[in-house]
$ cat target.csv   # CSV, C-alpha atoms
chain,number,residue,atom,x,y,z
E,76,MET,CA,-155.9,-142.6,-61.8
E,77,ILE,CA,-154.2,-139.9,-63.8
E,78,PRO,CA,-156.3,-138.4,-66.6
E,79,ILE,CA,-154.9,-139.2,-70.0
E,80,VAL,CA,-155.9,-137.2,-73.1
E,81,SER,CA,-154.7,-137.9,-76.6
E,82,ILE,CA,-153.8,-135.2,-79.0
E,83,VAL,CA,-154.4,-136.7,-82.5
E,84,GLY,CA,-154.6,-135.6,-86.1
E,85,LYS,CA,-153.0,-136.3,-89.4
E,86,SER,CA,-149.2,-136.2,-89.7
E,87,LYS,CA,-147.8,-132.6,-90.1
E,88,VAL,CA,-151.0,-131.1,-88.9
E,89,GLY,CA,-149.2,-129.4,-86.0
E,90,LYS,CA,-149.7,-131.7,-83.1
E,91,THR,CA,-146.3,-131.0,-81.5
E,92,THR,CA,-146.6,-127.3,-81.9
E,93,PHE,CA,-150.1,-127.3,-80.3
E,94,MET,CA,-148.9,-129.5,-77.5
E,95,GLU,CA,-146.1,-127.2,-76.7
E,96,LYS,CA,-148.6,-124.4,-76.2
E,97,LEU,CA,-151.0,-126.6,-74.2
E,98,ILE,CA,-148.2,-128.0,-72.0
E,99,ALA,CA,-147.0,-124.5,-71.2
E,100,GLU,CA,-150.5,-123.3,-70.5
E,101,LEU,CA,-151.2,-126.2,-68.1
E,102,ARG,CA,-147.9,-125.8,-66.5
E,103,SER,CA,-148.5,-122.1,-65.9
E,104,ARG,CA,-151.7,-123.1,-64.1
E,105,GLY,CA,-149.7,-125.2,-61.7
E,106,PHE,CA,-150.4,-128.7,-63.2
E,107,ARG,CA,-147.7,-131.3,-63.6
E,108,VAL,CA,-147.7,-132.7,-67.1
E,109,ALA,CA,-146.3,-135.8,-68.5
E,110,VAL,CA,-146.2,-136.6,-72.2
E,111,ILE,CA,-146.2,-139.9,-74.2
E,112,LYS,CA,-145.2,-139.6,-77.8
E,113,HIS,CA,-146.2,-142.5,-80.0
E,114,SER,CA,-143.7,-143.0,-82.8
E,115,ALA,CA,-144.6,-145.4,-85.6
E,116,HIS,CA,-140.9,-145.7,-86.4
E,117,ASP,CA,-137.9,-146.5,-84.2
E,118,PHE,CA,-136.1,-143.4,-83.0
E,119,GLU,CA,-132.6,-142.6,-81.9
E,120,ILE,CA,-132.4,-140.8,-78.6
E,121,ASP,CA,-128.7,-141.3,-77.9
E,122,HIS,CA,-125.8,-140.7,-80.2
E,123,PRO,CA,-122.6,-142.4,-81.3
E,124,GLY,CA,-119.8,-141.8,-78.8
E,125,LYS,CA,-122.0,-141.3,-75.8
E,126,ASP,CA,-121.6,-143.9,-73.0
E,127,THR,CA,-125.3,-144.9,-73.3
E,128,TYR,CA,-124.9,-145.5,-77.0
E,129,ARG,CA,-121.8,-147.6,-76.4
E,130,HIS,CA,-123.6,-149.7,-73.8
E,131,ALA,CA,-126.5,-150.3,-76.2
E,132,GLN,CA,-124.2,-151.2,-79.0
E,133,ALA,CA,-122.5,-153.7,-76.7
E,134,GLY,CA,-125.8,-155.4,-76.1
E,135,ALA,CA,-127.4,-153.9,-73.1
E,136,GLU,CA,-131.2,-154.1,-73.5
E,137,ALA,CA,-132.0,-151.4,-71.0
E,138,ILE,CA,-129.9,-148.4,-70.1
E,139,ALA,CA,-130.8,-145.9,-67.4
E,140,ILE,CA,-128.9,-142.7,-66.5
E,141,ALA,CA,-129.5,-141.2,-63.1
E,142,SER,CA,-128.4,-137.7,-62.3
E,143,PRO,CA,-129.3,-135.2,-59.5
E,144,HIS,CA,-132.2,-133.7,-61.4
E,145,LYS,CA,-133.0,-136.1,-64.2
E,146,VAL,CA,-133.4,-139.7,-64.9
E,147,ALA,CA,-133.6,-141.3,-68.4
E,148,LEU,CA,-134.2,-144.8,-69.5
E,149,VAL,CA,-134.0,-146.4,-72.9
E,150,LYS,CA,-135.2,-150.0,-73.4
E,151,SER,CA,-135.1,-152.2,-76.4
E,152,LEU,CA,-138.2,-154.3,-76.8
E,153,GLU,CA,-139.2,-157.3,-78.8
E,154,LYS,CA,-142.6,-155.8,-79.4
E,155,GLU,CA,-144.3,-152.5,-79.0
E,156,PRO,CA,-145.0,-151.7,-75.3
E,157,SER,CA,-148.6,-151.5,-74.2
E,158,ILE,CA,-149.6,-148.1,-73.0
E,159,GLN,CA,-149.9,-149.5,-69.5
E,160,VAL,CA,-146.2,-150.5,-69.5
E,161,VAL,CA,-145.4,-146.9,-70.5
E,162,LEU,CA,-147.7,-145.5,-67.8
E,163,ASP,CA,-146.0,-147.7,-65.2
E,164,MET,CA,-142.6,-146.4,-66.2
E,165,ILE,CA,-143.8,-142.8,-66.0
E,166,GLY,CA,-145.1,-143.1,-62.4
E,167,PRO,CA,-147.9,-141.5,-60.5
E,168,GLU,CA,-146.7,-138.0,-59.7
E,169,TYR,CA,-148.4,-136.1,-62.6
E,170,ASP,CA,-151.7,-134.3,-62.8
E,171,ILE,CA,-152.3,-135.2,-66.5
E,172,ILE,CA,-150.7,-137.2,-69.2
E,173,LEU,CA,-151.0,-136.0,-72.8
E,174,THR,CA,-150.3,-138.4,-75.5
E,175,GLU,CA,-149.2,-137.4,-79.0
E,176,GLY,CA,-150.7,-139.9,-81.2
E,177,TYR,CA,-152.4,-143.2,-80.1
E,178,LYS,CA,-155.3,-142.3,-82.3
E,179,ARG,CA,-156.7,-145.8,-81.9
E,180,GLY,CA,-156.1,-145.8,-78.1
E,181,PRO,CA,-158.9,-145.8,-75.5
E,182,PHE,CA,-158.4,-142.2,-74.3
E,183,PRO,CA,-160.5,-139.1,-74.8
E,184,LYS,CA,-159.2,-137.2,-77.8
E,185,VAL,CA,-158.5,-133.7,-78.9
E,186,GLU,CA,-158.2,-133.7,-82.6
E,187,ILE,CA,-156.3,-131.1,-84.6
E,188,TYR,CA,-157.7,-130.6,-88.1
E,189,ARG,CA,-156.2,-128.1,-90.5
E,190,LYS,CA,-157.7,-127.2,-93.8
E,191,GLY,CA,-155.3,-128.1,-96.7
E,192,ILE,CA,-153.6,-130.8,-94.6
E,193,SER,CA,-156.3,-132.8,-93.0
E,194,ASP,CA,-158.9,-134.6,-95.2
E,195,ARG,CA,-161.1,-136.1,-92.5
E,196,LEU,CA,-161.2,-136.5,-88.8
E,197,VAL,CA,-159.1,-139.4,-87.6
E,198,SER,CA,-161.0,-139.9,-84.4
E,199,ARG,CA,-164.3,-141.6,-83.8
E,200,GLU,CA,-166.8,-139.0,-82.8
E,201,ASP,CA,-167.6,-140.7,-79.5
E,202,ASP,CA,-163.9,-140.4,-78.4
E,203,LEU,CA,-163.7,-136.7,-79.3
E,204,ILE,CA,-163.8,-134.1,-76.5
E,205,ALA,CA,-162.7,-131.2,-78.7
E,206,ILE,CA,-161.7,-130.2,-82.2
E,207,VAL,CA,-158.9,-127.7,-82.7
E,208,THR,CA,-159.5,-126.4,-86.2
E,209,ASP,CA,-159.8,-123.7,-88.8
E,210,ASN,CA,-162.8,-125.6,-90.2
E,211,SER,CA,-166.2,-126.2,-88.8
E,212,PHE,CA,-167.9,-129.6,-88.3
E,213,SER,CA,-171.5,-130.5,-87.8
E,214,ILE,CA,-170.4,-132.4,-84.7
E,215,ASP,CA,-171.7,-131.5,-81.3
E,216,LYS,CA,-168.2,-131.1,-79.7
E,217,PRO,CA,-166.4,-127.9,-78.6
E,218,HIS,CA,-164.4,-126.3,-81.4
E,219,PHE,CA,-161.3,-124.2,-80.7
E,220,ASP,CA,-159.1,-122.1,-83.0
E,221,LEU,CA,-155.8,-123.6,-84.0
E,222,GLU,CA,-153.9,-121.3,-81.6
E,223,ASP,CA,-156.3,-121.6,-78.7
E,224,ALA,CA,-154.3,-123.8,-76.3
E,225,SER,CA,-155.8,-121.7,-73.5
E,226,GLY,CA,-159.3,-122.7,-74.4
E,227,VAL,CA,-158.4,-126.4,-74.5
E,228,ALA,CA,-156.6,-126.0,-71.2
E,229,ASP,CA,-159.8,-124.6,-69.7
E,230,LEU,CA,-161.7,-127.6,-71.0
E,231,LEU,CA,-159.2,-130.1,-69.6
E,232,GLU,CA,-159.1,-128.3,-66.3
E,233,LYS,CA,-162.9,-128.3,-66.0
E,234,ARG,CA,-163.4,-131.8,-67.2
E,235,PHE,CA,-160.5,-133.6,-65.6
E,236,LEU,CA,-158.3,-131.6,-63.3
E,237,LEU,CA,-160.6,-129.8,-61.0
E,238,ALA,CA,-162.6,-132.9,-60.4
E,239,ARG,CA,-159.4,-134.8,-59.6
E,240,LYS,CA,-158.3,-132.1,-57.1
E,241,SER,CA,-161.8,-132.2,-55.4
E,242,TYR,CA,-161.6,-135.9,-55.3
E,243,GLU,CA,-158.1,-135.9,-53.7
E,244,ARG,CA,-159.2,-133.3,-51.2
E,245,ALA,CA,-162.2,-135.4,-50.3
E,246,LEU,CA,-160.0,-138.5,-49.6
A,272,MET,CA,-134.4,-160.2,-57.3
A,273,ILE,CA,-132.1,-159.4,-60.2
A,274,PRO,CA,-128.4,-159.4,-59.2
A,275,ILE,CA,-126.9,-156.0,-59.3
A,276,VAL,CA,-123.1,-155.4,-59.6
A,277,SER,CA,-121.4,-152.0,-59.6
A,278,ILE,CA,-118.4,-151.3,-61.8
A,279,VAL,CA,-116.5,-148.6,-60.0
A,280,GLY,CA,-113.2,-146.8,-60.1
A,281,LYS,CA,-111.8,-143.3,-60.5
A,282,SER,CA,-113.0,-141.1,-63.3
A,283,LYS,CA,-111.2,-141.8,-66.6
A,284,VAL,CA,-110.0,-145.2,-65.4
A,285,GLY,CA,-111.9,-146.9,-68.3
A,286,LYS,CA,-115.2,-148.0,-66.7
A,287,THR,CA,-117.3,-147.5,-69.8
A,288,THR,CA,-114.8,-149.3,-72.1
A,289,PHE,CA,-114.5,-152.2,-69.7
A,290,MET,CA,-118.3,-152.4,-69.3
A,291,GLU,CA,-118.7,-152.5,-73.1
A,292,LYS,CA,-116.6,-155.6,-73.2
A,293,LEU,CA,-118.3,-157.1,-70.2
A,294,ILE,CA,-121.8,-156.5,-71.6
A,295,ALA,CA,-120.9,-158.0,-74.9
A,296,GLU,CA,-119.4,-161.0,-73.1
A,297,LEU,CA,-122.5,-161.6,-71.0
A,298,ARG,CA,-124.8,-161.0,-73.9
A,299,SER,CA,-122.9,-163.6,-76.0
A,300,ARG,CA,-123.5,-166.1,-73.2
A,301,GLY,CA,-127.2,-165.5,-73.5
A,302,PHE,CA,-127.8,-163.2,-70.5
A,303,ARG,CA,-130.0,-160.2,-70.7
A,304,VAL,CA,-128.2,-157.1,-69.4
A,305,ALA,CA,-129.4,-153.8,-68.1
A,306,VAL,CA,-127.2,-150.9,-67.2
A,307,ILE,CA,-127.6,-148.0,-64.8
A,308,LYS,CA,-125.1,-145.1,-65.3
A,309,HIS,CA,-124.7,-142.8,-62.4
A,310,SER,CA,-123.9,-139.3,-63.5
A,311,ALA,CA,-122.9,-136.7,-61.0
A,312,HIS,CA,-123.9,-133.9,-63.4
A,313,ASP,CA,-127.1,-133.4,-65.3
A,314,PHE,CA,-127.0,-134.7,-68.9
A,315,GLU,CA,-128.7,-133.9,-72.1
A,316,ILE,CA,-130.2,-136.9,-73.9
A,317,ASP,CA,-132.4,-135.1,-76.3
A,318,HIS,CA,-131.6,-132.2,-78.5
A,319,PRO,CA,-132.9,-128.9,-79.7
A,320,GLY,CA,-135.5,-129.2,-82.4
A,321,LYS,CA,-136.6,-132.7,-81.4
A,322,ASP,CA,-140.2,-133.1,-80.3
A,323,THR,CA,-139.2,-134.5,-77.0
A,324,TYR,CA,-136.9,-131.5,-76.4
A,325,ARG,CA,-139.8,-129.1,-77.4
A,326,HIS,CA,-142.1,-130.8,-74.9
A,327,ALA,CA,-139.5,-130.6,-72.1
A,328,GLN,CA,-138.9,-126.9,-72.9
A,329,ALA,CA,-142.6,-126.3,-72.7
A,330,GLY,CA,-142.7,-127.6,-69.2
A,331,ALA,CA,-143.5,-131.4,-69.4
A,332,GLU,CA,-141.8,-133.0,-66.5
A,333,ALA,CA,-141.8,-136.5,-67.9
A,334,ILE,CA,-141.6,-137.5,-71.6
A,335,ALA,CA,-141.9,-141.0,-72.9
A,336,ILE,CA,-141.5,-142.1,-76.5
A,337,ALA,CA,-142.9,-145.5,-77.5
A,338,SER,CA,-142.1,-147.1,-80.8
A,339,PRO,CA,-142.3,-150.7,-82.1
A,340,HIS,CA,-139.0,-151.8,-80.7
A,341,LYS,CA,-137.9,-149.2,-78.2
A,342,VAL,CA,-139.3,-147.1,-75.4
A,343,ALA,CA,-137.6,-144.1,-73.8
A,344,LEU,CA,-138.4,-142.0,-70.8
A,345,VAL,CA,-136.9,-138.8,-69.5
A,346,LYS,CA,-138.1,-137.4,-66.2
A,347,SER,CA,-137.1,-134.2,-64.5
A,348,LEU,CA,-136.8,-134.6,-60.8
A,349,GLU,CA,-136.5,-132.4,-57.8
A,350,LYS,CA,-134.0,-134.6,-56.2
A,351,GLU,CA,-131.8,-137.5,-57.2
A,352,PRO,CA,-133.8,-140.7,-57.6
A,353,SER,CA,-133.1,-143.6,-55.3
A,354,ILE,CA,-131.6,-146.6,-57.0
A,355,GLN,CA,-134.9,-148.4,-56.2
A,356,VAL,CA,-136.9,-145.9,-58.2
A,357,VAL,CA,-134.5,-146.5,-61.2
A,358,LEU,CA,-134.8,-150.3,-60.7
A,359,ASP,CA,-138.6,-150.0,-60.8
A,360,MET,CA,-138.4,-148.1,-64.0
A,361,ILE,CA,-136.2,-150.7,-65.6
A,362,GLY,CA,-138.4,-153.6,-64.8
A,363,PRO,CA,-137.9,-157.3,-64.1
A,364,GLU,CA,-136.9,-158.9,-67.4
A,365,TYR,CA,-133.1,-158.8,-67.1
A,366,ASP,CA,-130.7,-161.4,-65.8
A,367,ILE,CA,-128.2,-158.9,-64.4
A,368,ILE,CA,-128.0,-155.1,-63.9
A,369,LEU,CA,-124.6,-153.5,-64.1
A,370,THR,CA,-124.2,-150.1,-62.6
A,371,GLU,CA,-121.5,-147.7,-63.7
A,372,GLY,CA,-120.7,-145.7,-60.6
A,373,TYR,CA,-122.7,-145.8,-57.4
A,374,LYS,CA,-119.4,-146.4,-55.6
A,375,ARG,CA,-121.1,-145.7,-52.3
A,376,GLY,CA,-124.1,-147.9,-53.1
A,377,PRO,CA,-124.9,-151.2,-51.4
A,378,PHE,CA,-124.1,-153.5,-54.3
A,379,PRO,CA,-121.1,-155.9,-54.8
A,380,LYS,CA,-118.4,-154.1,-56.7
A,381,VAL,CA,-115.9,-154.7,-59.4
A,382,GLU,CA,-113.2,-152.0,-59.2
A,383,ILE,CA,-111.1,-150.9,-62.0
A,384,TYR,CA,-107.7,-149.6,-61.0
A,385,ARG,CA,-105.2,-148.5,-63.5
A,386,LYS,CA,-101.6,-147.4,-62.5
A,387,GLY,CA,-101.0,-143.8,-63.4
A,388,ILE,CA,-104.7,-142.9,-63.1
A,389,SER,CA,-105.9,-144.4,-59.9
A,390,ASP,CA,-104.3,-143.5,-56.6
A,391,ARG,CA,-106.3,-145.8,-54.3
A,392,LEU,CA,-109.2,-148.2,-54.3
A,393,VAL,CA,-112.4,-146.3,-54.1
A,394,SER,CA,-114.4,-149.4,-52.7
A,395,ARG,CA,-114.4,-150.7,-49.3
A,396,GLU,CA,-112.7,-154.1,-49.2
A,397,ASP,CA,-115.8,-155.9,-47.9
A,398,ASP,CA,-117.8,-154.7,-51.0
A,399,LEU,CA,-115.3,-155.8,-53.5
A,400,ILE,CA,-115.8,-159.0,-55.5
A,401,ALA,CA,-113.0,-158.4,-58.0
A,402,ILE,CA,-110.3,-156.0,-58.9
A,403,VAL,CA,-109.6,-155.3,-62.6
A,404,THR,CA,-106.1,-153.9,-62.7
A,405,ASP,CA,-102.5,-153.7,-63.9
A,406,ASN,CA,-101.4,-153.5,-60.3
A,407,SER,CA,-101.5,-156.0,-57.5
A,408,PHE,CA,-103.0,-155.6,-54.1
A,409,SER,CA,-102.5,-157.5,-50.9
A,410,ILE,CA,-106.3,-158.1,-50.7
A,411,ASP,CA,-107.7,-161.5,-50.9
A,412,LYS,CA,-110.1,-160.9,-53.9
A,413,PRO,CA,-109.8,-162.1,-57.4
A,414,HIS,CA,-107.6,-159.9,-59.7
A,415,PHE,CA,-108.2,-159.7,-63.4
A,416,ASP,CA,-106.2,-158.0,-66.2
A,417,LEU,CA,-107.6,-154.7,-67.5
A,418,GLU,CA,-108.8,-156.5,-70.7
A,419,ASP,CA,-110.2,-159.6,-69.1
A,420,ALA,CA,-113.9,-159.0,-69.4
A,421,SER,CA,-114.3,-162.8,-70.0
A,422,GLY,CA,-112.7,-163.6,-66.6
A,423,VAL,CA,-115.0,-161.2,-64.8
A,424,ALA,CA,-118.0,-162.6,-66.8
A,425,ASP,CA,-117.0,-166.1,-65.5
A,426,LEU,CA,-117.0,-164.8,-62.0
A,427,LEU,CA,-120.4,-163.1,-62.3
A,428,GLU,CA,-121.8,-166.1,-64.0
A,429,LYS,CA,-120.6,-168.5,-61.3
A,430,ARG,CA,-121.5,-166.2,-58.4
A,431,PHE,CA,-124.8,-164.7,-59.5
A,432,LEU,CA,-126.2,-166.0,-62.8
A,433,LEU,CA,-126.0,-169.8,-62.5
A,434,ALA,CA,-127.3,-169.7,-59.0
A,435,ARG,CA,-130.3,-167.7,-60.2
A,436,LYS,CA,-131.0,-170.0,-63.1
A,437,SER,CA,-130.9,-173.0,-60.7
A,438,TYR,CA,-133.2,-171.2,-58.3
A,439,GLU,CA,-135.6,-170.3,-61.0
A,440,ARG,CA,-135.6,-173.9,-62.3
A,441,ALA,CA,-136.3,-175.0,-58.7
A,442,LEU,CA,-139.4,-172.8,-58.4
$ encode --input "target.csv" --output "structure tokens"
Amino acid sequence: MIPIVSIVGKSKVGKTTFMEKLIAELRSRGFRVAVIKHSAHDFEIDHPGKDTYRHAQAGAEAIAIASPHKVALVKSLEKEPSIQVVLDMIGPEYDIILTEGYKRGPFPKVEIYRKGISDRLVSREDDLIAIVTDNSFSIDKPHFDLEDASGVADLLEKRFLLARKSYERAL
Amino acid sequence: MIPIVSIVGKSKVGKTTFMEKLIAELRSRGFRVAVIKHSAHDFEIDHPGKDTYRHAQAGAEAIAIASPHKVALVKSLEKEPSIQVVLDMIGPEYDIILTEGYKRGPFPKVEIYRKGISDRLVSREDDLIAIVTDNSFSIDKPHFDLEDASGVADLLEKRFLLARKSYERAL
């Protein structure tokens, strides 16, 4: 059971930038981090001329590349994969999985709210474990400054990561 | 048990080009094809500025992107993944998996040999199920012309795909 936390917020609010800081912070504390990005639109990860692109154009529905220190996989799908399918692909060797998006998913959420961009919280209050914001809300959840990845890392560590380490030690 | 066939041969012999034709041929016959490319060197699949690249630079060791019709995953590894790990990532929904490379792997092999580029067969004779070549070898295995993806598709279909379909019907 890897803890999964979703970083949510309106488009352009700075989710990716905040996640970069949060990933680096967790990583510097020795945790292994995986990320799932939810994209509402199809994306291109490979490019014309590359072998993988050529295989896909020819009709291969899944293309993996394995190298000494990296493995990649691109699969075409008839319908959007469930989060469980994506988790199974990722595998078990991480301490925490951060998702970018999945605001309607079942995971605890850290919402980023920026004045002038956001107009309301996109999360249900019950799902929220923290708000990263330059605003203040009358909601009884921890607030963090927009730059405070370290504060959010503290929260995740206390709430999910130390408990998991103790649990694993106890096994 | 998805049949797995390796397309092997010396570097620059035309493995990718032949595979494009073979994939298109199998696909046109209604088979679902997955591909594993073995790369001796690390590769870059994402690019500076992209969100996935930013997450990887920040220290995420696995990054997935899920969209309505595609899912992609890039994992950093300490050591080269076993083929089984890659197969598990790919999943069960394909009729055949073609590998590009893995010439020392345990799978039946189609070797591409081109005069002026190849100097010897890279496969052990026992592993070979076909030779795609402009040469001729005193080896009792089917030979196909360098362009004859259709002939190789016939062979794969007879040898692996029809048998599987009959087996599945019998279940």
$ closest_atom_pairs --input "target.csv" --of "chain E" --to "chain A" --cutoff "6 Å" --atoms "only C-alpha atoms" --output "JSON lines"
{"residue": "E:Glu95", "atom": "CA", "partner": "A:Ala329", "partner_atom": "CA", "distance": 5.4}
{"residue": "E:Ile98", "atom": "CA", "partner": "A:Ala329", "partner_atom": "CA", "distance": 5.9}
{"residue": "E:Ala99", "atom": "CA", "partner": "A:Ala329", "partner_atom": "CA", "distance": 5.0}
{"residue": "E:Val108", "atom": "CA", "partner": "A:Ala331", "partner_atom": "CA", "distance": 5.0}
{"residue": "E:Ala109", "atom": "CA", "partner": "A:Ala333", "partner_atom": "CA", "distance": 4.6}
{"residue": "E:Val110", "atom": "CA", "partner": "A:Ile334", "partner_atom": "CA", "distance": 4.7}
{"residue": "E:Ile111", "atom": "CA", "partner": "A:Ala335", "partner_atom": "CA", "distance": 4.6}
{"residue": "E:Lys112", "atom": "CA", "partner": "A:Ile336", "partner_atom": "CA", "distance": 4.7}
{"residue": "E:His113", "atom": "CA", "partner": "A:Ala337", "partner_atom": "CA", "distance": 5.1}
{"residue": "E:Ser114", "atom": "CA", "partner": "A:Ser338", "partner_atom": "CA", "distance": 4.8}
{"residue": "E:Ala115", "atom": "CA", "partner": "A:Ser338", "partner_atom": "CA", "distance": 5.7}
{"residue": "E:His116", "atom": "CA", "partner": "A:Ser338", "partner_atom": "CA", "distance": 5.9}
{"residue": "E:Asp117", "atom": "CA", "partner": "A:Ser338", "partner_atom": "CA", "distance": 5.4}
{"residue": "E:His130", "atom": "CA", "partner": "A:Glu291", "partner_atom": "CA", "distance": 5.7}
{"residue": "E:Ala133", "atom": "CA", "partner": "A:Ala295", "partner_atom": "CA", "distance": 4.9}
{"residue": "E:Gly134", "atom": "CA", "partner": "A:Ala295", "partner_atom": "CA", "distance": 5.7}
{"residue": "E:Ala135", "atom": "CA", "partner": "A:Val304", "partner_atom": "CA", "distance": 5.0}
{"residue": "E:Glu136", "atom": "CA", "partner": "A:Ala305", "partner_atom": "CA", "distance": 5.7}
{"residue": "E:Ala137", "atom": "CA", "partner": "A:Ala305", "partner_atom": "CA", "distance": 4.6}
{"residue": "E:Ile138", "atom": "CA", "partner": "A:Val306", "partner_atom": "CA", "distance": 4.7}
{"residue": "E:Ala139", "atom": "CA", "partner": "A:Ile307", "partner_atom": "CA", "distance": 4.6}
{"residue": "E:Ile140", "atom": "CA", "partner": "A:Lys308", "partner_atom": "CA", "distance": 4.7}
{"residue": "E:Ala141", "atom": "CA", "partner": "A:His309", "partner_atom": "CA", "distance": 5.1}
{"residue": "E:Ser142", "atom": "CA", "partner": "A:Ser310", "partner_atom": "CA", "distance": 4.9}
{"residue": "E:Pro143", "atom": "CA", "partner": "A:Glu351", "partner_atom": "CA", "distance": 4.1}
{"residue": "E:His144", "atom": "CA", "partner": "A:Leu348", "partner_atom": "CA", "distance": 4.7}
{"residue": "E:Lys145", "atom": "CA", "partner": "A:Ser347", "partner_atom": "CA", "distance": 4.5}
{"residue": "E:Val146", "atom": "CA", "partner": "A:Lys346", "partner_atom": "CA", "distance": 5.4}
{"residue": "E:Ala147", "atom": "CA", "partner": "A:Val345", "partner_atom": "CA", "distance": 4.3}
{"residue": "E:Leu148", "atom": "CA", "partner": "A:Leu344", "partner_atom": "CA", "distance": 5.2}
{"residue": "E:Val149", "atom": "CA", "partner": "A:Ala343", "partner_atom": "CA", "distance": 4.4}
{"residue": "E:Lys150", "atom": "CA", "partner": "A:Val342", "partner_atom": "CA", "distance": 5.4}
{"residue": "E:Ser151", "atom": "CA", "partner": "A:Lys341", "partner_atom": "CA", "distance": 4.5}
{"residue": "E:Leu152", "atom": "CA", "partner": "A:His340", "partner_atom": "CA", "distance": 4.7}
{"residue": "E:Glu153", "atom": "CA", "partner": "A:His340", "partner_atom": "CA", "distance": 5.8}
{"residue": "E:Lys154", "atom": "CA", "partner": "A:His340", "partner_atom": "CA", "distance": 5.5}
{"residue": "E:Glu155", "atom": "CA", "partner": "A:Pro339", "partner_atom": "CA", "distance": 4.1}
{"residue": "E:Met164", "atom": "CA", "partner": "A:Met360", "partner_atom": "CA", "distance": 5.0}
$ residues_around --input "target.csv" --residues "Gly89 of chain E" --least-positions-apart "4" --cutoff "10 Å" --atoms "all atoms listed in the file" --output "MDAnalysis selection string"
chainID E and resid 83:85 93:94 187:189 192 221
$ atom_distance --input "target.csv" --atom1 "atom CA of Pro379 of chain A" --atom2 "atom CA of Pro274 of chain A"
9.2 Å
$ closest_residue --input "target.csv" --among "A:Asp366, A:Glu428, A:Glu439, A:Glu382" --to "Glu396 of chain A" --atoms "only C-alpha atoms"
A:Glu382
$ atom_distance --input "target.csv" --atom1 "atom CA of Arg430 of chain A" --atom2 "atom CA of Ser407 of chain A"
22.5 Å
$ build_atoms --input "target.csv" --residues "segment 168-172 of chain E" --atoms "all heavy atoms" --output "CSV table (one decimal), keeping the file's coordinate frame"
chain,number,residue,atom,x,y,z
E,168,GLU,N,-146.8,-139.3,-60.3
E,168,GLU,CA,-146.7,-138.0,-59.7
E,168,GLU,C,-147.2,-136.8,-60.6
E,168,GLU,O,-146.8,-135.7,-60.4
E,168,GLU,CB,-145.3,-137.7,-59.2
E,168,GLU,CG,-144.2,-137.7,-60.2
E,168,GLU,CD,-143.4,-139.0,-60.3
E,168,GLU,OE1,-144.1,-140.1,-60.4
E,168,GLU,OE2,-142.2,-139.0,-60.3
E,169,TYR,N,-148.0,-137.1,-61.6
E,169,TYR,CA,-148.4,-136.1,-62.6
E,169,TYR,C,-149.9,-135.8,-62.5
E,169,TYR,O,-150.6,-136.7,-62.1
E,169,TYR,CB,-148.0,-136.5,-64.0
E,169,TYR,CG,-146.5,-136.7,-64.0
E,169,TYR,CD1,-146.0,-138.0,-63.9
E,169,TYR,CD2,-145.6,-135.7,-64.0
E,169,TYR,CE1,-144.6,-138.2,-63.8
E,169,TYR,CE2,-144.2,-135.9,-63.9
E,169,TYR,CZ,-143.7,-137.2,-63.8
E,169,TYR,OH,-142.4,-137.4,-63.7
E,170,ASP,N,-150.3,-134.6,-62.9
E,170,ASP,CA,-151.7,-134.3,-62.8
E,170,ASP,C,-152.5,-134.8,-64.1
E,170,ASP,O,-153.6,-135.0,-64.1
E,170,ASP,CB,-151.9,-132.8,-62.6
E,170,ASP,CG,-151.4,-132.3,-61.3
E,170,ASP,OD1,-151.8,-132.9,-60.3
E,170,ASP,OD2,-150.5,-131.4,-61.3
E,171,ILE,N,-151.7,-134.8,-65.2
E,171,ILE,CA,-152.3,-135.2,-66.5
E,171,ILE,C,-151.3,-135.7,-67.4
E,171,ILE,O,-150.1,-135.3,-67.3
E,171,ILE,CB,-153.1,-133.9,-67.1
E,171,ILE,CG1,-153.9,-134.4,-68.3
E,171,ILE,CG2,-152.1,-132.8,-67.5
E,171,ILE,CD1,-154.9,-133.3,-68.8
E,172,ILE,N,-151.6,-136.7,-68.2
E,172,ILE,CA,-150.7,-137.2,-69.2
E,172,ILE,C,-151.3,-136.9,-70.6
E,172,ILE,O,-152.5,-137.2,-70.8
E,172,ILE,CB,-150.5,-138.7,-69.0
E,172,ILE,CG1,-149.8,-139.0,-67.7
E,172,ILE,CG2,-149.7,-139.3,-70.2
E,172,ILE,CD1,-149.6,-140.4,-67.4
